[in-house]
file entry35.cif (mmCIF, C-alpha atoms)
data_start
loop_
_atom_site.label_atom_id
_atom_site.label_comp_id
_atom_site.auth_asym_id
_atom_site.auth_seq_id
_atom_site.Cartn_x
_atom_site.Cartn_y
_atom_site.Cartn_z
CA MET K 1 104.29 82.14 100.52
CA ARG K 2 102.74 85.60 100.87
CA TYR K 3 99.25 84.75 99.70
CA GLN K 4 97.29 81.72 98.54
CA ILE K 5 93.82 81.36 97.04
CA ARG K 6 92.12 78.01 96.59
CA ASN K 7 88.86 77.37 94.72
CA ALA K 8 87.74 80.99 94.90
CA LYS K 9 84.28 81.56 93.51
CA VAL K 10 82.34 84.81 93.31
CA GLN K 11 78.72 85.16 92.29
CA PHE K 12 76.61 88.27 91.90
CA GLY K 13 73.06 86.98 91.89
CA ALA K 14 72.83 84.20 89.31
CA ASP K 15 75.94 85.42 87.48
CA THR K 16 79.18 83.59 88.31
CA ILE K 17 82.08 86.05 87.98
CA LEU K 18 84.92 83.82 89.19
CA ASN K 19 84.96 80.05 89.46
CA SER K 20 87.71 77.82 90.85
CA VAL K 21 90.48 80.43 90.90
CA ASN K 22 93.67 78.95 92.36
CA PHE K 23 97.08 80.55 92.77
CA GLU K 24 99.71 81.59 95.25
CA ILE K 25 102.22 84.37 95.25
CA HIS K 26 105.65 84.14 96.89
CA ASP K 27 108.19 86.76 97.93
CA THR K 28 109.62 88.75 95.00
CA GLU K 29 107.11 87.32 92.50
CA LYS K 30 105.20 89.62 90.19
CA ILE K 31 101.98 88.14 88.81
CA ALA K 32 99.60 89.81 86.37
CA ILE K 33 96.04 88.55 86.31
CA VAL K 34 95.06 88.61 82.66
CA GLY K 35 91.68 88.13 81.03
CA ARG K 36 88.89 89.81 79.15
CA ASN K 37 87.07 92.78 80.61
CA GLY K 38 84.43 91.59 83.06
CA CYS K 39 86.12 88.27 83.89
CA GLY K 40 86.74 89.25 87.52
CA LYS K 41 90.34 90.55 87.57
CA SER K 42 89.49 93.60 89.67
CA THR K 43 87.18 91.54 91.86
CA ILE K 44 89.91 89.09 92.85
CA LEU K 45 92.30 91.98 93.54
CA LYS K 46 89.69 93.65 95.75
CA ILE K 47 89.11 90.42 97.70
CA ILE K 48 92.83 90.06 98.33
CA ALA K 49 93.02 93.73 99.38
CA GLY K 50 90.31 93.05 101.95
CA ALA K 51 87.19 94.50 100.32
CA ASP K 52 83.85 93.28 101.62
CA ILE K 53 82.98 90.96 98.72
CA SER K 54 81.27 87.65 99.35
CA TYR K 55 83.17 84.65 98.00
CA SER K 56 83.62 80.96 98.63
CA GLY K 57 86.91 79.10 98.77
CA SER K 58 89.90 79.60 101.01
CA ILE K 59 92.48 82.33 101.38
CA ALA K 60 95.70 82.06 103.35
CA LYS K 61 98.07 84.94 103.90
CA ALA K 62 101.41 85.31 105.62
CA PRO K 63 101.25 86.67 109.18
CA GLY K 64 101.83 90.42 109.34
CA LEU K 65 101.21 90.87 105.61
CA LYS K 66 101.04 94.58 104.69
CA ILE K 67 99.31 95.41 101.42
CA SER K 68 99.58 98.56 99.32
CA VAL K 69 96.77 99.04 96.82
CA LEU K 70 96.67 101.00 93.56
CA PRO K 71 93.00 101.22 92.52
CA GLN K 72 91.90 101.40 88.91
CA ASP K 73 89.56 104.33 89.54
CA THR K 74 90.99 107.82 90.13
CA ASN K 75 87.65 109.66 90.52
CA GLY K 76 87.75 110.08 94.31
CA LEU K 77 91.10 111.85 94.31
CA CYS K 78 90.83 115.38 95.72
CA GLY K 79 92.72 117.84 97.91
CA THR K 80 96.41 118.59 98.15
CA LEU K 81 99.29 116.11 98.01
CA ASP K 82 99.84 116.75 101.72
CA LYS K 83 96.25 115.71 102.53
CA PHE K 84 96.52 112.70 100.19
CA SER K 85 99.75 111.61 101.89
CA GLU K 86 98.24 112.17 105.32
CA ARG K 87 95.23 109.96 104.46
CA LEU K 88 97.63 107.18 103.38
CA GLY K 89 99.95 107.72 106.32
CA VAL K 90 102.99 108.21 104.08
CA ASP K 91 105.72 110.84 103.79
CA SER K 92 104.49 113.65 101.52
CA GLU K 93 108.06 114.52 100.51
CA LEU K 94 108.58 110.96 99.28
CA VAL K 95 105.35 111.18 97.28
CA ARG K 96 106.53 114.47 95.75
CA ALA K 97 109.96 113.01 94.92
CA ILE K 98 108.34 110.05 93.14
CA LEU K 99 106.00 112.38 91.25
CA ALA K 100 108.91 114.62 90.22
CA LYS K 101 110.58 111.54 88.73
CA LEU K 102 107.32 110.82 86.91
CA GLY K 103 107.40 114.26 85.29
CA PHE K 104 105.34 116.46 87.62
CA SER K 105 106.09 120.17 87.45
CA CYS K 106 106.47 122.36 90.56
CA ARG K 107 103.03 123.79 89.86
CA GLU K 108 101.45 120.33 89.74
CA LEU K 109 103.20 119.34 92.97
CA ILE K 110 101.56 122.20 94.89
CA GLY K 111 98.17 122.21 93.14
CA ARG K 112 94.98 120.36 93.98
CA THR K 113 94.72 116.78 92.80
CA GLU K 114 91.18 117.11 91.47
CA ASN K 115 92.51 119.58 88.87
CA LEU K 116 94.95 117.05 87.42
CA SER K 117 94.46 115.04 84.24
CA ALA K 118 93.49 111.36 84.47
CA GLY K 119 97.09 110.34 83.78
CA GLN K 120 98.46 112.66 86.45
CA LYS K 121 95.90 111.35 88.95
CA LYS K 122 97.00 107.80 88.20
CA LYS K 123 100.61 108.86 88.85
CA VAL K 124 99.57 110.31 92.23
CA LEU K 125 98.01 106.97 93.14
CA ILE K 126 101.12 105.11 91.94
CA ALA K 127 103.34 107.41 94.03
CA GLY K 128 101.13 106.84 97.06
CA SER K 129 101.32 103.08 96.63
CA LEU K 130 105.08 103.11 96.15
CA ALA K 131 105.51 105.32 99.24
CA THR K 132 103.53 102.83 101.35
CA PRO K 133 105.73 100.23 103.06
CA ALA K 134 104.26 96.84 102.11
CA ASN K 135 105.02 93.17 101.57
CA LEU K 136 102.51 92.91 98.72
CA TYR K 137 101.60 95.54 96.15
CA ILE K 138 98.23 95.15 94.44
CA TRP K 139 97.86 97.32 91.35
CA ASP K 140 94.71 97.44 89.22
CA GLU K 141 95.57 98.46 85.65
CA PRO K 142 98.52 100.72 86.50
CA LEU K 143 99.04 101.85 82.91
CA ASN K 144 95.57 103.37 82.45
CA PHE K 145 96.08 106.97 81.24
CA VAL K 146 99.86 106.86 81.92
CA ASP K 147 102.12 108.40 79.26
CA ILE K 148 104.83 106.37 77.51
CA ILE K 149 107.76 107.99 79.34
CA SER K 150 106.25 107.26 82.76
CA ARG K 151 105.40 103.74 81.62
CA ILE K 152 109.06 103.16 80.69
CA GLN K 153 110.13 104.55 84.08
CA LEU K 154 107.73 102.16 85.83
CA GLU K 155 109.04 99.25 83.75
CA ARG K 156 112.61 100.08 84.74
CA LEU K 157 111.70 100.53 88.40
CA LEU K 158 109.81 97.26 88.65
CA GLY K 159 112.34 95.41 86.51
CA ALA K 160 115.24 96.56 88.68
CA ASN K 161 113.50 95.87 91.99
CA THR K 162 111.76 92.83 93.32
CA PRO K 163 108.57 93.90 95.05
CA THR K 164 106.02 91.15 95.57
CA MET K 165 103.26 92.30 93.27
CA LEU K 166 99.88 91.20 92.01
CA LEU K 167 98.34 93.29 89.28
CA ALA K 168 95.72 93.36 86.58
CA GLU K 169 97.31 94.52 83.36
CA HIS K 170 96.53 93.87 79.70
CA ASP K 171 99.84 95.07 78.29
CA ARG K 172 101.96 91.99 77.60
CA TYR K 173 105.09 94.05 76.83
CA PHE K 174 104.89 95.73 80.23
CA CYS K 175 104.60 92.30 81.86
CA GLU K 176 107.55 90.96 79.88
CA ASN K 177 109.71 94.02 80.58
CA THR K 178 109.07 93.89 84.33
CA GLY K 179 109.56 90.13 84.72
CA THR K 180 105.91 89.64 85.54
CA GLU K 181 104.34 86.19 85.16
CA ARG K 182 100.83 86.05 83.75
CA LEU K 183 97.88 84.20 85.24
CA TYR K 184 94.97 83.83 82.83
CA ILE K 185 91.42 83.73 84.11
CA THR K 186 88.13 83.46 82.29
CA LYS K 187 84.68 84.49 83.39
CA GLY K 188 82.77 81.88 85.37
#
call {"tool": "encode", "arguments": {"input": "entry35.cif", "output": "structure tokens"}}
result
Amino acid sequence: MRYQIRNAKVQFGADTILNSVNFEIHDTEKIAIVGRNGCGKSTILKIIAGADISYSGSIAKAPGLKISVLPQDTNGLCGTLDKFSERLGVDSELVRAILAKLGFSCRELIGRTENLSAGQKKKVLIAGSLATPANLYIWDEPLNFVDIISRIQLERLLGANTPTMLLAEHDRYFCENTGTERLYITKG
């Protein structure tokens, strides 16, 4: 077992976001948390990633667990790929190689990340996550703004490999094509 959550509950004021969430994820499993917008998918991912969010319930994780996170939001991305890689502590050449496979041109590989489109920024974050050695990959809506060709490449990559992964994703075909189980949650 890599990670286990029992009876997780999150409240913001009087509003219950999550109530009695229970699951565990084992090595090589891919699980997509599925539910309506606002039901707490991103919140549970952030808790698992270590964000400072108050919750009740219990969490158990494997000793030495290393987590790589792909956030939903790309707004804070700025600077060069070298600086981005340096902040993550990953090999910038590996990040560039992944981005080249995801369709980046030479010009985009040497430009500033804040000048990229939303889809290209998401690919930078995906490349950063993939370049990060981890036991558990947490991805929040990885397909947001990503073009169909890159989506197919991601499906093939994740389908052919067995990373332990927890993600929030609405696209059922992506989940089916990558061998990802779905965990349904509802608000409160």
call {"tool": "closest_residue", "arguments": {"input": "entry35.cif", "among": "K:Asn135, K:Thr80, K:Leu183, K:Ser20", "to": "Glu108 in chain K", "atoms": "all atoms listed in the file"}}
result
K:Thr80
call {"tool": "residues_around", "arguments": {"input": "entry35.cif", "residues": "range 139-152 of chain K", "least_positions_apart": "2", "cutoff": "9 Å", "atoms": "all atoms listed in the file", "output": "PyMOL selection string"}}
result
chain K and resi 41-42+45+68-73+101-103+117-123+126+129+137+154-157+165-171+174
call {"tool": "closest_residue", "arguments": {"input": "entry35.cif", "among": "K:Lys30, K:Arg112, K:Arg2, K:Arg107", "to": "Leu158 in chain K", "atoms": "only C-alpha atoms"}}
result
K:Lys30
call {"tool": "resolve_selection", "arguments": {"input": "entry35.cif", "expression": "the PyMOL selection byres ((chain K and resi 57-61) around 9)", "output": "ChimeraX atom specification"}}
result
/K:1-9,20-21,48,55-56,62-65
call {"tool": "atom_distance", "arguments": {"input": "entry35.cif", "atom1": "CA of Thr113 in chain K", "atom2": "CA of Cys78 in chain K"}}
result
5.1 Å
call {"tool": "resolve_selection", "arguments": {"input": "entry35.cif", "expression": "the PyMOL selection byres ((chain K and resi 127) around 9)", "output": "MDAnalysis selection string"}}
result
chainID K and resid 94:99 102 122:126 128:132
call {"tool": "residues_around", "arguments": {"input": "entry35.cif", "residues": "Gly35 in chain K", "least_positions_apart": "6", "cutoff": "7 Å", "atoms": "only C-alpha atoms", "output": "JSON, numbers by chain"}}
result
{"K": [184, 185, 186]}
call {"tool": "atom_distance", "arguments": {"input": "entry35.cif", "atom1": "CA of Ala14 in chain K", "atom2": "CA of Ile31 in chain K"}}
result
29.4 Å
call {"tool": "atom_distance", "arguments": {"input": "entry35.cif", "atom1": "CA of Leu136 in chain K", "atom2": "CA of Asp27 in chain K"}}
result
8.4 Å
call {"tool": "resolve_selection", "arguments": {"input": "entry35.cif", "expression": "the PyMOL selection byres ((chain K and resi 10) around 9)", "output": "MDAnalysis selection string"}}
result
chainID K and resid 8:9 11:12 15:19 40 43:44 53:56 188
call {"tool": "decode", "arguments": {"input": "entry35.cif", "residues": "range 117-130 of chain K", "atoms": "all heavy atoms", "output": "PDB file, in the first residue's frame"}}
result
ATOM      1  N   SER K 117       1.214  29.233 -24.560  1.00  0.00           N
ATOM      2  CA  SER K 117      -0.244  29.092 -24.459  1.00  0.00           C
ATOM      3  C   SER K 117      -0.577  28.255 -23.228  1.00  0.00           C
ATOM      4  O   SER K 117       0.295  27.608 -22.636  1.00  0.00           O
ATOM      5  CB  SER K 117      -0.791  28.393 -25.706  1.00  0.00           C
ATOM      6  OG  SER K 117      -0.390  27.026 -25.715  1.00  0.00           O
ATOM      7  N   ALA K 118      -1.848  28.222 -22.845  1.00  0.00           N
ATOM      8  CA  ALA K 118      -2.280  27.438 -21.683  1.00  0.00           C
ATOM      9  C   ALA K 118      -1.960  25.955 -21.878  1.00  0.00           C
ATOM     10  O   ALA K 118      -1.515  25.279 -20.943  1.00  0.00           O
ATOM     11  CB  ALA K 118      -3.768  27.643 -21.438  1.00  0.00           C
ATOM     12  N   GLY K 119      -2.153  25.450 -23.085  1.00  0.00           N
ATOM     13  CA  GLY K 119      -1.853  24.047 -23.364  1.00  0.00           C
ATOM     14  C   GLY K 119      -0.371  23.743 -23.265  1.00  0.00           C
ATOM     15  O   GLY K 119       0.040  22.700 -22.751  1.00  0.00           O
ATOM     16  N   GLN K 120       0.454  24.665 -23.771  1.00  0.00           N
ATOM     17  CA  GLN K 120       1.903  24.471 -23.691  1.00  0.00           C
ATOM     18  C   GLN K 120       2.385  24.548 -22.239  1.00  0.00           C
ATOM     19  O   GLN K 120       3.268  23.799 -21.842  1.00  0.00           O
ATOM     20  CB  GLN K 120       2.619  25.503 -24.555  1.00  0.00           C
ATOM     21  CG  GLN K 120       2.401  25.283 -26.045  1.00  0.00           C
ATOM     22  CD  GLN K 120       2.834  26.498 -26.844  1.00  0.00           C
ATOM     23  OE1 GLN K 120       2.541  27.634 -26.497  1.00  0.00           O
ATOM     24  NE2 GLN K 120       3.541  26.233 -27.934  1.00  0.00           N
ATOM     25  N   LYS K 121       1.783  25.436 -21.458  1.00  0.00           N
ATOM     26  CA  LYS K 121       2.140  25.527 -20.041  1.00  0.00           C
ATOM     27  C   LYS K 121       1.792  24.226 -19.321  1.00  0.00           C
ATOM     28  O   LYS K 121       2.565  23.744 -18.488  1.00  0.00           O
ATOM     29  CB  LYS K 121       1.419  26.701 -19.376  1.00  0.00           C
ATOM     30  CG  LYS K 121       1.964  28.053 -19.763  1.00  0.00           C
ATOM     31  CD  LYS K 121       1.185  29.157 -19.090  1.00  0.00           C
ATOM     32  CE  LYS K 121       1.713  30.522 -19.488  1.00  0.00           C
ATOM     33  NZ  LYS K 121       0.956  31.615 -18.843  1.00  0.00           N
ATOM     34  N   LYS K 122       0.647  23.666 -19.647  1.00  0.00           N
ATOM     35  CA  LYS K 122       0.258  22.395 -19.024  1.00  0.00           C
ATOM     36  C   LYS K 122       1.263  21.309 -19.384  1.00  0.00           C
ATOM     37  O   LYS K 122       1.643  20.495 -18.546  1.00  0.00           O
ATOM     38  CB  LYS K 122      -1.156  22.003 -19.468  1.00  0.00           C
ATOM     39  CG  LYS K 122      -1.755  20.879 -18.680  1.00  0.00           C
ATOM     40  CD  LYS K 122      -1.977  21.277 -17.223  1.00  0.00           C
ATOM     41  CE  LYS K 122      -2.914  20.320 -16.531  1.00  0.00           C
ATOM     42  NZ  LYS K 122      -3.513  20.869 -15.344  1.00  0.00           N
ATOM     43  N   LYS K 123       1.735  21.310 -20.630  1.00  0.00           N
ATOM     44  CA  LYS K 123       2.739  20.326 -21.046  1.00  0.00           C
ATOM     45  C   LYS K 123       4.044  20.511 -20.276  1.00  0.00           C
ATOM     46  O   LYS K 123       4.706  19.531 -19.933  1.00  0.00           O
ATOM     47  CB  LYS K 123       2.997  20.423 -22.553  1.00  0.00           C
ATOM     48  CG  LYS K 123       1.846  19.934 -23.400  1.00  0.00           C
ATOM     49  CD  LYS K 123       2.189  20.119 -24.877  1.00  0.00           C
ATOM     50  CE  LYS K 123       1.020  19.897 -25.775  1.00  0.00           C
ATOM     51  NZ  LYS K 123       1.377  20.072 -27.196  1.00  0.00           N
ATOM     52  N   VAL K 124       4.430  21.749 -19.994  1.00  0.00           N
ATOM     53  CA  VAL K 124       5.637  22.008 -19.201  1.00  0.00           C
ATOM     54  C   VAL K 124       5.471  21.391 -17.813  1.00  0.00           C
ATOM     55  O   VAL K 124       6.376  20.718 -17.297  1.00  0.00           O
ATOM     56  CB  VAL K 124       5.938  23.523 -19.100  1.00  0.00           C
ATOM     57  CG1 VAL K 124       7.012  23.807 -18.041  1.00  0.00           C
ATOM     58  CG2 VAL K 124       6.360  24.079 -20.450  1.00  0.00           C
ATOM     59  N   LEU K 125       4.299  21.584 -17.223  1.00  0.00           N
ATOM     60  CA  LEU K 125       4.052  21.012 -15.897  1.00  0.00           C
ATOM     61  C   LEU K 125       4.037  19.488 -15.941  1.00  0.00           C
ATOM     62  O   LEU K 125       4.538  18.827 -15.028  1.00  0.00           O
ATOM     63  CB  LEU K 125       2.744  21.559 -15.320  1.00  0.00           C
ATOM     64  CG  LEU K 125       2.722  23.059 -15.028  1.00  0.00           C
ATOM     65  CD1 LEU K 125       1.340  23.498 -14.557  1.00  0.00           C
ATOM     66  CD2 LEU K 125       3.787  23.442 -14.019  1.00  0.00           C
ATOM     67  N   ILE K 126       3.474  18.923 -17.002  1.00  0.00           N
ATOM     68  CA  ILE K 126       3.471  17.460 -17.169  1.00  0.00           C
ATOM     69  C   ILE K 126       4.918  16.958 -17.284  1.00  0.00           C
ATOM     70  O   ILE K 126       5.291  15.979 -16.626  1.00  0.00           O
ATOM     71  CB  ILE K 126       2.641  17.049 -18.402  1.00  0.00           C
ATOM     72  CG1 ILE K 126       1.146  17.250 -18.132  1.00  0.00           C
ATOM     73  CG2 ILE K 126       2.921  15.600 -18.793  1.00  0.00           C
ATOM     74  CD1 ILE K 126       0.259  17.128 -19.353  1.00  0.00           C
ATOM     75  N   ALA K 127       5.717  17.627 -18.112  1.00  0.00           N
ATOM     76  CA  ALA K 127       7.113  17.223 -18.284  1.00  0.00           C
ATOM     77  C   ALA K 127       7.871  17.308 -16.957  1.00  0.00           C
ATOM     78  O   ALA K 127       8.657  16.418 -16.623  1.00  0.00           O
ATOM     79  CB  ALA K 127       7.789  18.086 -19.349  1.00  0.00           C
ATOM     80  N   GLY K 128       7.625  18.354 -16.201  1.00  0.00           N
ATOM     81  CA  GLY K 128       8.266  18.496 -14.891  1.00  0.00           C
ATOM     82  C   GLY K 128       7.883  17.378 -13.946  1.00  0.00           C
ATOM     83  O   GLY K 128       8.730  16.825 -13.232  1.00  0.00           O
ATOM     84  N   SER K 129       6.607  17.015 -13.950  1.00  0.00           N
ATOM     85  CA  SER K 129       6.158  15.919 -13.093  1.00  0.00           C
ATOM     86  C   SER K 129       6.769  14.592 -13.521  1.00  0.00           C
ATOM     87  O   SER K 129       7.257  13.822 -12.697  1.00  0.00           O
ATOM     88  CB  SER K 129       4.628  15.827 -13.110  1.00  0.00           C
ATOM     89  OG  SER K 129       4.185  14.743 -12.316  1.00  0.00           O
ATOM     90  N   LEU K 130       6.762  14.336 -14.826  1.00  0.00           N
ATOM     91  CA  LEU K 130       7.330  13.081 -15.326  1.00  0.00           C
ATOM     92  C   LEU K 130       8.834  12.986 -15.074  1.00  0.00           C
ATOM     93  O   LEU K 130       9.370  11.895 -14.889  1.00  0.00           O
ATOM     94  CB  LEU K 130       7.043  12.922 -16.816  1.00  0.00           C
ATOM     95  CG  LEU K 130       5.595  12.634 -17.184  1.00  0.00           C
ATOM     96  CD1 LEU K 130       5.408  12.689 -18.694  1.00  0.00           C
ATOM     97  CD2 LEU K 130       5.146  11.279 -16.637  1.00  0.00           C
TER      98      LEU K 130
END
